[in-house]
Structure formats: structure tokens, C-alpha cells
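Text of start-v2.cif, listed as mmCIF, C-alpha atoms and all ligand atoms:
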data_coords
loop_
_atom_site.label_atom_id
_atom_site.label_comp_id
_atom_site.auth_asym_id
_atom_site.auth_seq_id
_atom_site.Cartn_x
_atom_site.Cartn_y
_atom_site.Cartn_z
CA MET A 579 191.86 86.57 -0.98
CA PRO A 580 190.89 83.45 0.98
CA TRP A 581 190.60 84.23 4.69
CA GLU A 582 191.55 81.84 7.42
CA THR A 583 188.53 80.46 9.29
CA VAL A 584 187.94 78.86 12.70
CA ASN A 585 184.78 76.72 12.84
CA GLY A 586 183.49 78.72 9.89
CA THR A 587 184.20 82.15 11.43
CA MET A 588 186.39 84.23 9.11
CA ILE A 589 189.40 86.03 10.54
CA LEU A 590 189.58 89.30 8.63
CA LYS A 591 193.15 90.34 9.29
CA ALA A 592 193.38 94.09 9.01
CA LEU A 593 196.82 94.57 10.46
CA ASN A 594 198.57 95.64 7.27
CA PRO A 595 197.26 98.34 4.92
CA HIS A 596 197.30 95.89 2.02
CA GLN A 597 194.65 93.61 3.58
CA GLN A 598 192.82 96.32 5.48
CA GLU A 599 190.61 97.70 2.75
CA GLU A 600 189.22 94.33 1.72
CA ALA A 601 188.76 93.22 5.34
CA LEU A 602 186.86 96.43 6.13
CA GLN A 603 184.61 96.15 3.08
CA LEU A 604 183.72 92.57 3.99
CA ALA A 605 183.01 93.47 7.62
CA ALA A 606 180.91 96.49 6.60
CA GLY A 607 178.99 94.29 4.13
CA ILE A 608 178.12 91.88 6.96
CA LEU A 609 176.71 94.75 9.05
CA LYS A 610 174.74 96.14 6.10
CA LYS A 611 173.02 92.83 5.46
CA GLY A 612 171.86 92.62 9.11
CA LYS A 613 174.47 90.15 10.32
CA ILE A 614 176.99 90.20 13.14
CA VAL A 615 180.72 90.93 13.03
CA ALA A 616 183.24 91.33 15.85
CA PHE A 617 185.63 94.27 15.59
CA PRO A 618 188.43 95.91 17.56
CA THR A 619 187.99 99.05 19.62
CA GLU A 620 190.58 100.76 21.81
CA THR A 621 188.86 99.36 24.94
CA VAL A 622 187.88 95.76 24.11
CA TYR A 623 186.56 93.94 21.02
CA GLY A 624 182.90 94.59 20.24
CA LEU A 625 180.20 92.38 18.74
CA GLY A 626 178.61 94.65 16.15
CA ALA A 627 175.19 94.83 14.54
CA ASP A 628 173.13 97.51 12.79
CA ALA A 629 171.75 99.34 15.86
CA LEU A 630 168.57 100.37 14.03
CA ASN A 631 167.68 96.87 12.82
CA PRO A 632 165.85 94.92 15.57
CA GLU A 633 166.44 91.51 13.94
CA ALA A 634 170.15 92.17 13.67
CA VAL A 635 170.33 93.35 17.29
CA SER A 636 168.38 90.35 18.56
CA GLN A 637 171.11 88.08 17.16
CA ILE A 638 173.63 89.78 19.45
CA TYR A 639 171.64 88.72 22.51
CA ASP A 640 171.38 85.14 21.19
CA ILE A 641 175.03 84.83 20.23
CA LYS A 642 176.31 86.20 23.55
CA MET A 643 173.57 84.55 25.58
CA ARG A 644 173.07 87.99 27.06
CA PRO A 645 170.13 88.71 29.38
CA ALA A 646 167.45 90.62 27.45
CA ASP A 647 167.31 93.41 30.04
CA ASN A 648 170.93 94.52 29.53
CA PRO A 649 171.04 97.28 26.89
CA LEU A 650 173.77 97.82 24.30
CA ILE A 651 176.13 100.68 23.55
CA VAL A 652 175.67 102.27 20.12
CA HIS A 653 178.88 103.24 18.33
CA VAL A 654 178.93 106.23 15.98
CA THR A 655 181.52 108.30 14.17
CA GLY A 656 180.67 111.67 15.69
CA LEU A 657 178.16 114.24 16.90
CA ASP A 658 176.16 114.28 13.64
CA GLN A 659 175.31 110.63 14.02
CA LEU A 660 174.63 111.12 17.75
CA ALA A 661 172.08 113.79 16.91
CA GLU A 662 170.12 111.27 14.85
CA LEU A 663 169.72 108.97 17.87
CA VAL A 664 168.96 111.25 20.83
CA LEU A 665 166.23 113.78 21.61
CA GLU A 666 168.71 116.54 22.33
CA ILE A 667 172.38 117.06 23.02
CA PRO A 668 172.72 118.94 26.31
CA SER A 669 175.71 121.24 26.76
CA GLU A 670 177.39 118.79 29.17
CA ALA A 671 177.28 116.13 26.47
CA SER A 672 178.87 118.49 23.93
CA ILE A 673 181.59 119.41 26.41
CA LEU A 674 182.38 115.78 27.24
CA ALA A 675 182.27 114.77 23.58
CA GLY A 676 184.61 117.64 22.75
CA TYR A 677 187.18 116.45 25.28
CA PHE A 678 186.88 112.69 25.15
CA TRP A 679 185.56 111.66 21.71
CA PRO A 680 186.77 109.71 19.92
CA GLY A 681 187.65 107.69 23.04
CA PRO A 682 186.57 105.39 25.84
CA LEU A 683 183.58 107.39 27.12
CA THR A 684 179.94 106.34 26.69
CA ILE A 685 177.21 108.93 27.21
CA VAL A 686 173.62 107.95 28.09
CA LEU A 687 170.91 110.32 26.79
CA PRO A 688 167.15 110.18 26.15
CA LYS A 689 166.59 108.32 22.89
CA LYS A 690 164.58 109.07 19.80
CA GLU A 691 161.86 106.64 18.78
CA LEU A 692 163.98 105.57 15.81
CA VAL A 693 166.23 103.57 18.15
CA PRO A 694 164.56 100.16 18.58
CA ASP A 695 163.55 99.01 22.05
CA ILE A 696 165.65 95.88 21.77
CA THR A 697 168.83 97.98 21.39
CA THR A 698 168.14 99.74 24.70
CA ALA A 699 166.44 96.77 26.40
CA GLY A 700 163.24 98.78 26.63
CA LEU A 701 164.83 101.85 28.29
CA SER A 702 163.91 105.32 27.09
CA SER A 703 167.60 106.24 26.98
CA VAL A 704 170.42 105.15 24.71
CA ALA A 705 174.14 104.75 25.46
CA VAL A 706 176.41 106.13 22.71
CA ARG A 707 180.13 106.40 22.13
CA VAL A 708 182.64 107.29 19.43
CA PRO A 709 185.48 104.77 19.61
CA SER A 710 189.00 106.00 18.84
CA HIS A 711 190.30 102.79 17.24
CA PRO A 712 190.90 103.68 13.57
CA LEU A 713 189.44 100.35 12.36
CA ALA A 714 186.28 100.81 14.44
CA LEU A 715 185.80 104.30 13.02
CA LYS A 716 186.45 103.12 9.47
CA LEU A 717 184.07 100.20 9.88
CA ILE A 718 181.20 102.36 11.18
CA GLY A 719 181.90 104.85 8.39
CA ALA A 720 182.01 102.18 5.68
CA ALA A 721 178.78 100.57 6.90
CA GLY A 722 177.13 103.99 7.17
CA LEU A 723 175.19 102.81 10.22
CA PRO A 724 175.19 103.30 13.97
CA VAL A 725 176.64 100.05 15.31
CA ALA A 726 175.32 98.41 18.48
CA ALA A 727 178.14 96.52 20.15
CA PRO A 728 178.57 94.90 23.52
CA SER A 729 181.89 93.33 24.37
CA ALA A 730 182.44 90.30 22.10
CA ASN A 731 182.51 87.63 24.80
CA LEU A 732 179.97 85.08 25.96
CA SER A 733 177.89 86.74 28.66
CA GLY A 734 179.65 86.56 32.02
CA ARG A 735 183.14 85.83 30.61
CA PRO A 736 186.12 88.23 30.65
CA SER A 737 185.89 90.80 27.86
CA PRO A 738 188.08 90.09 24.82
CA THR A 739 191.10 92.26 24.11
CA THR A 740 192.31 90.28 21.08
CA ALA A 741 190.70 88.54 18.09
CA GLU A 742 191.91 85.22 19.59
CA HIS A 743 189.85 85.91 22.73
CA VAL A 744 186.80 86.55 20.56
CA LEU A 745 187.33 83.23 18.78
CA GLU A 746 187.71 81.38 22.09
CA ASP A 747 184.15 82.36 22.96
CA LEU A 748 182.42 82.86 19.63
CA ALA A 749 184.09 80.85 16.82
CA GLY A 750 181.30 79.18 14.86
CA ARG A 751 178.70 81.59 16.26
CA ILE A 752 179.58 84.66 14.15
CA GLU A 753 180.43 85.22 10.50
CA ALA A 754 183.69 87.05 11.04
CA VAL A 755 186.04 88.88 13.34
CA LEU A 756 187.99 91.89 12.13
CA ASP A 757 191.47 91.41 13.59
CA GLY A 758 193.22 94.65 14.48
CA GLY A 759 195.62 93.33 17.13
CA PRO A 760 195.33 93.86 20.89
CA SER A 761 193.13 96.60 22.37
CA SER A 762 195.21 99.29 24.05
CA VAL A 763 193.02 100.39 26.98
CA GLY A 764 192.01 96.88 28.00
CA VAL A 765 188.91 97.68 30.06
CA GLU A 766 185.59 98.92 28.71
CA SER A 767 184.52 102.52 28.29
CA THR A 768 183.39 104.70 31.16
CA VAL A 769 179.59 105.05 31.16
CA ILE A 770 178.14 108.40 32.26
CA SER A 771 174.42 109.15 32.33
CA LEU A 772 173.17 112.64 31.49
CA VAL A 773 169.54 111.61 31.70
CA SER A 774 168.76 113.31 35.00
CA LYS A 775 169.87 116.60 36.50
CA LEU A 776 173.04 115.25 38.08
CA PRO A 777 175.57 113.55 35.84
CA ALA A 778 176.03 110.00 37.12
CA LEU A 779 178.86 107.51 36.69
CA LEU A 780 177.41 104.09 35.83
CA ARG A 781 180.63 102.25 35.03
CA PRO A 782 184.25 103.27 35.64
CA GLY A 783 186.44 102.74 32.58
CA GLY A 784 188.99 104.21 30.21
CA VAL A 785 188.22 107.84 31.14
CA THR A 786 188.63 108.40 34.88
CA LEU A 787 186.05 109.98 37.19
CA GLU A 788 188.62 112.61 38.11
CA MET A 789 189.02 113.60 34.43
CA LEU A 790 185.26 113.88 33.99
CA GLU A 791 184.81 116.01 37.11
CA ASN A 792 187.67 118.23 36.02
CA VAL A 793 186.18 118.88 32.61
CA LEU A 794 182.62 119.43 33.86
CA GLY A 795 183.83 121.46 36.84
CA LYS A 796 181.46 119.66 39.18
CA LYS A 797 180.93 116.52 41.22
CA ILE A 798 179.59 113.46 39.47
CA LEU A 799 177.31 111.06 41.31
CA ASP A 800 179.20 107.77 41.60
CA LEU A 801 176.66 104.97 41.26
CA THR A 802 179.20 102.26 40.56
CA ASN A 803 179.77 100.91 44.02
CA SER A 804 176.30 99.62 44.61
CA GLY A 805 177.74 96.57 42.78
CA LYS A 806 176.44 93.21 43.87
CA GLU A 807 174.46 94.40 46.86
CA ILE A 808 172.10 96.26 44.59
CA ARG A 809 168.41 95.53 45.13
CA GLY A 810 165.54 96.36 42.87
CA ILE A 811 166.40 98.34 39.78
CA PRO A 812 170.06 99.16 39.19
CA PRO A 813 170.86 102.43 37.39
CA ALA A 814 172.76 100.51 34.69
CA PRO A 815 171.16 97.14 34.06
CA GLY A 816 174.59 95.54 33.60
CA MET A 817 175.48 96.25 37.25
CA LYS A 818 173.52 93.40 38.70
CA TYR A 819 175.24 90.55 36.87
CA ARG A 820 178.40 88.69 37.78
CA HIS A 821 180.83 89.59 35.06
CA TYR A 822 184.27 88.95 33.73
CA ALA A 823 184.32 85.60 35.46
CA PRO A 824 187.18 83.19 34.83
CA LYS A 825 186.35 79.49 35.28
CA ALA A 826 188.12 79.16 38.63
CA PRO A 827 186.72 81.03 41.66
CA LEU A 828 188.49 84.35 42.18
CA TYR A 829 189.19 85.68 45.68
CA LEU A 830 189.96 89.39 45.89
CA VAL A 831 191.91 90.94 48.76
CA GLU A 832 191.33 94.63 49.48
CA GLY A 833 192.99 96.75 52.15
CA ASP A 834 196.22 98.58 52.90
CA GLU A 835 199.48 97.14 51.61
CA ALA A 836 200.36 95.28 54.80
CA PHE A 837 196.90 93.71 55.06
CA GLN A 838 196.91 92.71 51.40
CA ARG A 839 200.32 91.07 51.61
CA GLN A 840 199.46 89.11 54.70
CA GLN A 841 196.08 87.97 53.37
CA LEU A 842 197.39 87.12 49.92
CA VAL A 843 200.13 84.93 51.38
CA SER A 844 197.91 83.13 53.87
CA LEU A 845 195.14 82.57 51.35
CA SER A 846 197.45 81.21 48.69
CA GLU A 847 199.47 79.02 51.07
CA GLY A 848 196.24 77.63 52.54
CA LEU A 849 194.94 76.72 49.11
CA ILE A 850 198.26 75.18 48.07
CA MET A 851 198.24 73.03 51.23
CA GLN A 852 194.84 71.75 50.20
CA GLY A 853 196.46 70.55 46.99
CA ARG A 854 194.95 73.23 44.76
CA LYS A 855 196.64 74.74 41.74
CA VAL A 856 196.65 78.41 42.63
CA GLY A 857 196.94 81.40 40.30
CA MET A 858 198.02 84.72 41.79
CA LEU A 859 197.07 87.97 40.09
CA VAL A 860 199.29 90.53 41.77
CA CYS A 861 201.20 93.79 41.51
CA GLU A 862 204.84 93.99 40.50
CA GLU A 863 205.71 95.02 44.09
CA SER A 864 204.46 91.80 45.69
CA LYS A 865 205.25 89.16 43.08
CA GLU A 866 208.19 87.67 45.03
CA LEU A 867 206.05 86.71 48.01
CA PHE A 868 204.35 83.67 46.58
CA SER A 869 205.10 80.01 46.02
CA ALA A 870 201.91 79.55 43.96
CA GLN A 871 202.17 77.55 40.74
CA VAL A 872 201.04 80.46 38.56
CA VAL A 873 201.87 84.12 39.18
CA LYS A 874 200.62 86.80 36.77
CA VAL A 875 201.87 90.33 37.30
CA MET A 876 199.36 93.07 36.53
CA GLY A 877 202.00 95.79 36.67
CA SER A 878 203.05 98.27 39.30
CA ARG A 879 200.58 99.39 41.94
CA ARG A 880 201.35 102.93 40.78
CA GLU A 881 200.39 102.19 37.17
CA PRO A 882 196.82 100.91 37.20
CA GLN A 883 196.49 101.63 33.47
CA VAL A 884 198.97 98.81 32.87
CA ALA A 885 196.85 96.51 35.04
CA ALA A 886 193.79 97.55 33.05
CA GLU A 887 195.51 96.62 29.81
CA ARG A 888 196.54 93.18 31.10
CA LEU A 889 193.62 92.23 33.33
CA PHE A 890 191.23 90.40 31.00
CA SER A 891 193.89 88.49 29.12
CA ALA A 892 195.45 87.45 32.46
CA LEU A 893 192.06 86.05 33.55
CA ARG A 894 191.77 84.11 30.30
CA GLU A 895 195.33 82.78 30.70
CA MET A 896 194.41 81.52 34.17
CA ASP A 897 191.64 79.51 32.49
CA LYS A 898 194.07 78.04 29.99
CA LEU A 899 196.48 77.06 32.75
CA GLU A 900 193.56 75.35 34.50
CA VAL A 901 194.14 76.79 37.94
CA ASP A 902 191.68 75.71 40.67
CA ALA A 903 191.55 79.10 42.35
CA ILE A 904 192.67 82.66 41.65
CA VAL A 905 193.78 85.04 44.37
CA ALA A 906 193.89 88.68 43.26
CA GLU A 907 195.40 91.77 44.80
CA GLY A 908 193.30 94.93 45.07
CA PHE A 909 194.10 98.35 43.61
CA ASP A 910 193.51 101.79 45.09
CA GLU A 911 190.13 103.11 44.06
CA LYS A 912 191.31 106.19 42.18
CA GLY A 913 192.15 107.07 38.58
CA MET A 914 192.25 103.96 36.40
CA GLY A 915 192.45 101.89 39.60
CA ARG A 916 188.71 102.46 39.91
CA ALA A 917 188.03 100.55 36.68
CA VAL A 918 190.44 97.75 37.62
CA ILE A 919 189.00 97.16 41.09
CA ASN A 920 185.45 97.36 39.69
CA ARG A 921 186.18 94.53 37.22
CA LEU A 922 187.96 92.46 39.88
CA ARG A 923 185.02 92.81 42.28
CA LYS A 924 182.62 91.66 39.61
CA ALA A 925 184.83 88.71 38.73
CA ALA A 926 185.19 87.69 42.40
CA VAL A 927 183.20 85.07 44.26
CA GLN A 928 184.44 86.61 47.50
CA VAL A 929 186.11 89.86 48.56
CA ILE A 930 188.34 89.67 51.64
CA LYS A 931 188.23 93.22 52.97
CA GLN A 932 190.11 94.91 55.78
CA GLU A 933 187.85 96.10 58.59
CA PRO A 934 187.90 99.90 58.70
O1 LIG A 1001 184.19 99.82 25.81
C1 LIG A 1001 183.03 99.49 25.65
O2 LIG A 1001 182.08 100.17 26.06
C2 LIG A 1001 182.76 98.18 24.88
C3 LIG A 1001 183.23 98.39 23.44
C4 LIG A 1001 182.85 97.24 22.54
O3 LIG A 1001 182.76 99.60 22.95
N1 LIG A 1001 181.37 97.82 24.96
C5 LIG A 1001 180.81 97.36 26.11
O4 LIG A 1001 179.48 97.01 26.02
O5 LIG A 1001 181.41 97.26 27.14
P1 LIG A 1001 178.74 96.13 27.12
O6 LIG A 1001 177.46 95.76 26.47
O7 LIG A 1001 179.61 95.01 27.52
O8 LIG A 1001 178.43 97.11 28.28
C6 LIG A 1001 177.43 98.10 28.16
C7 LIG A 1001 177.14 98.73 29.48
C8 LIG A 1001 176.32 97.81 30.37
O9 LIG A 1001 176.75 97.94 31.70
C9 LIG A 1001 174.91 98.37 30.19
O10 LIG A 1001 174.08 98.05 31.26
C10 LIG A 1001 175.20 99.86 30.05
O11 LIG A 1001 176.38 99.93 29.30
N2 LIG A 1001 174.13 100.56 29.32
C11 LIG A 1001 173.84 100.46 28.00
N3 LIG A 1001 172.78 101.23 27.67
C12 LIG A 1001 172.39 101.85 28.80
C13 LIG A 1001 171.36 102.77 29.12
N4 LIG A 1001 170.50 103.21 28.20
N5 LIG A 1001 171.26 103.20 30.40
C14 LIG A 1001 172.14 102.76 31.33
N6 LIG A 1001 173.13 101.88 31.10
C15 LIG A 1001 173.26 101.42 29.85
MG MG A 1002 180.46 93.33 28.47
#

Rewrite the coordinates I just gave you, this time as C-alpha cells.
Ligand code: TXA
Ligand code: MG
Amino acid sequence: MPWETVNGTMILKALNPHQQEEALQLAAGILKKGKIVAFPTETVYGLGADALNPEAVSQIYDIKMRPADNPLIVHVTGLDQLAELVLEIPSEASILAGYFWPGPLTIVLPKKELVPDITTAGLSSVAVRVPSHPLALKLIGAAGLPVAAPSANLSGRPSPTTAEHVLEDLAGRIEAVLDGGPSSVGVESTVISLVSKLPALLRPGGVTLEMLENVLGKKILDLTNSGKEIRGIPPAPGMKYRHYAPKAPLYLVEGDEAFQRQQLVSLSEGLIMQGRKVGMLVCEESKELFSAQVVKVMGSRREPQVAAERLFSALREMDKLEVDAIVAEGFDEKGMGRAVINRLRKAAVQVIKQEP
């Protein structure tokens, strides 16, 4: 079957069972020959390569223009494959895997020598997860390899939640994208490190901190808020980079509801008066307040998982609508709100925060 291409990148549509088998075989073949293919996961689309092949992995860094010191997540189908990559599987890892795999949780453990340095950016640990998206699982299974995959965007851009987003950034730079429709979670996996005595949260994501603490029955060290202010060596190398950035500057307002409303209105009106095209990224509850040219609703304040699902595509839509500035409303830092506010902070050029 001839596949549609964009700038030479094949779109392997795997949405109906009829096309799926052939699409999967082609995608798995690309991985097996040491090349790169983008594929859907439940969180965001990934840019996959054979995790044990240093030449294959090095292409990921080139294609994404990713800094060489930012390690990759290795995707596997289950605990058997995990055991091949790490020195040991501590009981906390088995417990977490039992509850949350397949799913949006990445576990960092000391690596075996087999895992190339380039995959872990020289770290002695490796980040591993079992995605729950059926196509991701089938692809890893068909390739018979652990698959290194960062989000399939150009470094610094919002993560892709559809095959179209992948093509926006990477058409012509990769052989193919496996198209499985939109990702359901919308933000990346939660990253937890089990390398030292205390479990540590390195990135909030699809599994909430509260869920993790519940299952482990203990407190988890939250290292995610060091954010931009971090000096020296961050616990997760990815923490120190500006991320998820739309083209227009994004201003984030954080505080109680009254503060947010007042700041959002004055910021947006001020920008409009300066003749700027303003995009508002706000909750359902406050959408009526604005006269801005573009208003994107992230969902109700009480449903941060909806905001997570919509966030990255909303940022990309702002780019397409060529706004000059984006003003975004904050979310409470709990449950999935933690992942949403984390991504917004990293996308922001400035955070307007209420004084305590
Ligand atoms: O949901 C996801 O995790 C997606 C999909 C494709 O699975 N992948 C993803 O990968 O978000 P990426 O490369 O965009 O983010 C990987 C994060 C970075 O913050 C990186 O610094 C951290 O994981 N990381 C990877 N290996 C690590 C390690 N050995 N120690 C600490 N942090 C690590
Ligand atoms: Mg990423």
C-alpha cells in the first residue's frame, strides 16, 4: 500500500485494524535497521530508536537538536525487559510497576553496562517505562528491542500529542510517523528516581504524586520545583532547560482566584492596548472575562486532567494563530494540576505570582 508522505516522511496510518499490521511491521523494521520512527504513546508521541544501538540513539539527538546531556527514556514491554537493562529491581520498583505499568510512569534505576552511555547521557542510571498505548506496546514487541524515545518535538517546542504535531516539527527529518490518533493523557510521564534511599519525583506527569505516595505508603521527595532557579547539577538533566515553548512569549499568572482574574484581565487589556494580538489560555470558569482576540479554554479548574490533555495542542494552535503574546492562568498544584502548572512554568518567560 502506498503511504502518504510529507517532505519524504511516511505517515503510517494505524487507525484501522486493516492498515495496522502493515504499518506496525514497517515501523518495527525501521527500528531494527537502526533508524528513527515516531510513534504514539498514551502521554505524547515519542521519537523512537533502538536503545542499545549508540548510532541509532545519536540520530535522535541530531534530529531533535537535543542537548547531549539530556538522557532518554527507554520504553519496554514489561518487567522481563526491564531486568535486562538495570542492575536490580528493588521492591519499590516492583510495587510501582505492579500498580502503574503499563502507564505514564517512568522509573529511574542504576543501569547495566549494556545500556550505552549516549542513551543515558553518561549517567549511571537509566529511565524506563512501559507505555500503555496498544500501538506503542505492539511496536516495541514487534521490533523486539528496548526503544529509547524522547517526545517527538524539536527540542524546546511543545510536546506532540498528534501525528500532525510531529510532522510540524520533524517532517523531512525522520523516515516515518506511526499515526495512532491523539494521545489521551496529553502530558509526559511522571519520572520517579529510585536510585538513592528516598524515592524522588523528578517530573510530575500522568501519575500523580498523591497516587505514588499512596501506593508506596511514604513521602516522596519532590524535586520538581527547583525549576529554573536550579544551579549546578539538576537531579533530572531536563529540568534546567526552557521547554514546551510556543513562539510567542507566555506570561503565567499564579495565585488565588481573585488575584488570577484581576491580573489576567489587566495583563491582557494592557497588551491589547499596545496593539498586540493576545492569546488567553484560561479555565472554563474565567473565559467570559476577556476581550482578547484568541481565547483557548483548558477546561474546568476542577478538572486539571482535561487541561493536561489540551495544553500542548493549545500552545501549538496559538502559534498557528500567530498571537504576539500568550497569557495563561495557573492551576492548583495538586493531582494532575501539578503536571499542568509545571509545563506552564517551563513554557513561561515570566510568572506573575501573588505575594504570600
Ligand atoms: O511520556 C513520556 O515520558 C514521553 C513518551 C514519549 O514516553 N517521553 C518523554 O521523554 O517525555 P523526554 O526525553 O522528553 O523526557 C525525559 C525526561 C527528561 O526530563 C530527562 O532529563 C529525564 O526524563 N531522564 C531521563 N533519564 C534520566 C535519568 N537517568 N536520570 C534522571 N532523569 C532522567
Ligand atoms: Mg520532551

Mind dumping a table of every chain A residue within 6 Å of ligand LIG 1001 (chain A), with the nearest atom pair and its distance in Å to one decimal, using all atoms listed in the file, sorted by chain and rising number, as a tab-separated table?
residue	atom	partner	partner_atom	distance
A:Thr621	CA	A:LIG1001	O1	4.8
A:Val622	CA	A:LIG1001	C3	5.4
A:Tyr623	CA	A:LIG1001	C4	5.2
A:Gly624	CA	A:LIG1001	C4	3.5
A:Asn648	CA	A:LIG1001	O10	5.0
A:Pro649	CA	A:LIG1001	C11	4.4
A:Leu650	CA	A:LIG1001	C11	4.5
A:Ile651	CA	A:LIG1001	C11	5.0
A:Val686	CA	A:LIG1001	N4	5.7
A:Thr698	CA	A:LIG1001	N4	5.5
A:Leu701	CA	A:LIG1001	N4	5.8
A:Ser703	CA	A:LIG1001	N4	4.4
A:Val704	CA	A:LIG1001	N4	4.0
A:Ala705	CA	A:LIG1001	N3	4.4
A:Ala727	CA	A:LIG1001	C4	5.3
A:Pro728	CA	A:LIG1001	O6	3.3
A:Ser729	CA	A:LIG1001	O7	4.2
A:Glu766	CA	A:LIG1001	O1	3.3
A:Ser767	CA	A:LIG1001	O1	3.7
A:Ala814	CA	A:LIG1001	N6	3.9
A:Pro815	CA	A:LIG1001	O10	4.1
A:Gly816	CA	A:LIG1001	O10	3.5
A:Met817	CA	A:LIG1001	O9	5.9

So that I have them on file, write out the residues from the current selection with C-alpha atoms, as a short mmCIF file (atom, residue, chain, number, x, y, z; two decimals), in the coordinates of the input.
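Listing of selection_17.cif after writing:
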data_model
loop_
_atom_site.label_atom_id
_atom_site.label_comp_id
_atom_site.auth_asym_id
_atom_site.auth_seq_id
_atom_site.Cartn_x
_atom_site.Cartn_y
_atom_site.Cartn_z
CA THR A 621 188.86 99.36 24.94
CA VAL A 622 187.88 95.76 24.11
CA TYR A 623 186.56 93.94 21.02
CA GLY A 624 182.90 94.59 20.24
CA ASN A 648 170.93 94.52 29.53
CA PRO A 649 171.04 97.28 26.89
CA LEU A 650 173.77 97.82 24.30
CA ILE A 651 176.13 100.68 23.55
CA VAL A 686 173.62 107.95 28.09
CA THR A 698 168.14 99.74 24.70
CA LEU A 701 164.83 101.85 28.29
CA SER A 703 167.60 106.24 26.98
CA VAL A 704 170.42 105.15 24.71
CA ALA A 705 174.14 104.75 25.46
CA ALA A 727 178.14 96.52 20.15
CA PRO A 728 178.57 94.90 23.52
CA SER A 729 181.89 93.33 24.37
CA GLU A 766 185.59 98.92 28.71
CA SER A 767 184.52 102.52 28.29
CA ALA A 814 172.76 100.51 34.69
CA PRO A 815 171.16 97.14 34.06
CA GLY A 816 174.59 95.54 33.60
CA MET A 817 175.48 96.25 37.25
#

Inset, instruction - Dump the neighbourhood of ligand MG 1002 (chain A) as a ChimeraX atom specification: all residues within 8 Å, distances computed on all atoms listed in the file. - result: /A:728-731,733-734,736-737,766,821-822

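Each of A:Pro738, A:Gly586, A:Pro824, A:Gly656 was checked against Leu922 (chain A) using all atoms listed in the file; the smallest atom-to-atom distance is that of A:Pro824.
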
Inset, instruction - Taking (186.8, 81.4, 16.3) in the file's own coordinates, collect the residues within 8 Å, counting all atoms listed in the file, and hand them back as an MDAnalysis selection string. - result: chainID A and resid 583:589 742 744:750

Legend entry - Shell of 7 Å around region 777-782 of chain A, all atoms listed in the file, local chain residues under 3 positions omitted, as a ChimeraX atom specification: /A:768-772,774,786,798-802,813-814,916-917

Legend entry - Atomic separation - CA of Glu887 (chain A) relative to CA of Gly758 (chain A), Å: 15.6 Å

Legend entry - For CA of Thr655 (chain A) and CA of Arg888 (chain A), the interatomic separation in Å (one decimal): 27.2 Å

Legend entry - Long-range neighbours of Ala661 (chain A) as JSON, numbers by chain, 12 Å cut-off, all atoms listed in the file, 5 positions minimum in chain: {"A": [654, 655, 656, 666, 667, 668, 671, 672, 687, 688, 689, 690, 692, 693, 704, 706, 724]}

Inset, instruction - Report the distance between CA of Gly676 (chain A) and CA of Glu662 (chain A) in Å, rounded to one decimal place. - result: 17.7 Å

Inset, instruction - Please provide the set of residues having any atom within 9 Å of region 606-616 of chain A, restricted to all atoms listed in the file, with same-chain residues fewer than 6 positions apart removed, written as a PyMOL selection string. - result: chain A and resi 623-628+631+633-635+637-638+717-723+725+727+729-730+741+744+752-757

Inset, instruction - Point out the residue among A:Glu832, A:Glu895, A:Glu907, A:Asp902 with the least atom-to-atom distance to Lys865 (chain A), counting all atoms listed in the file. - result: A:Glu907
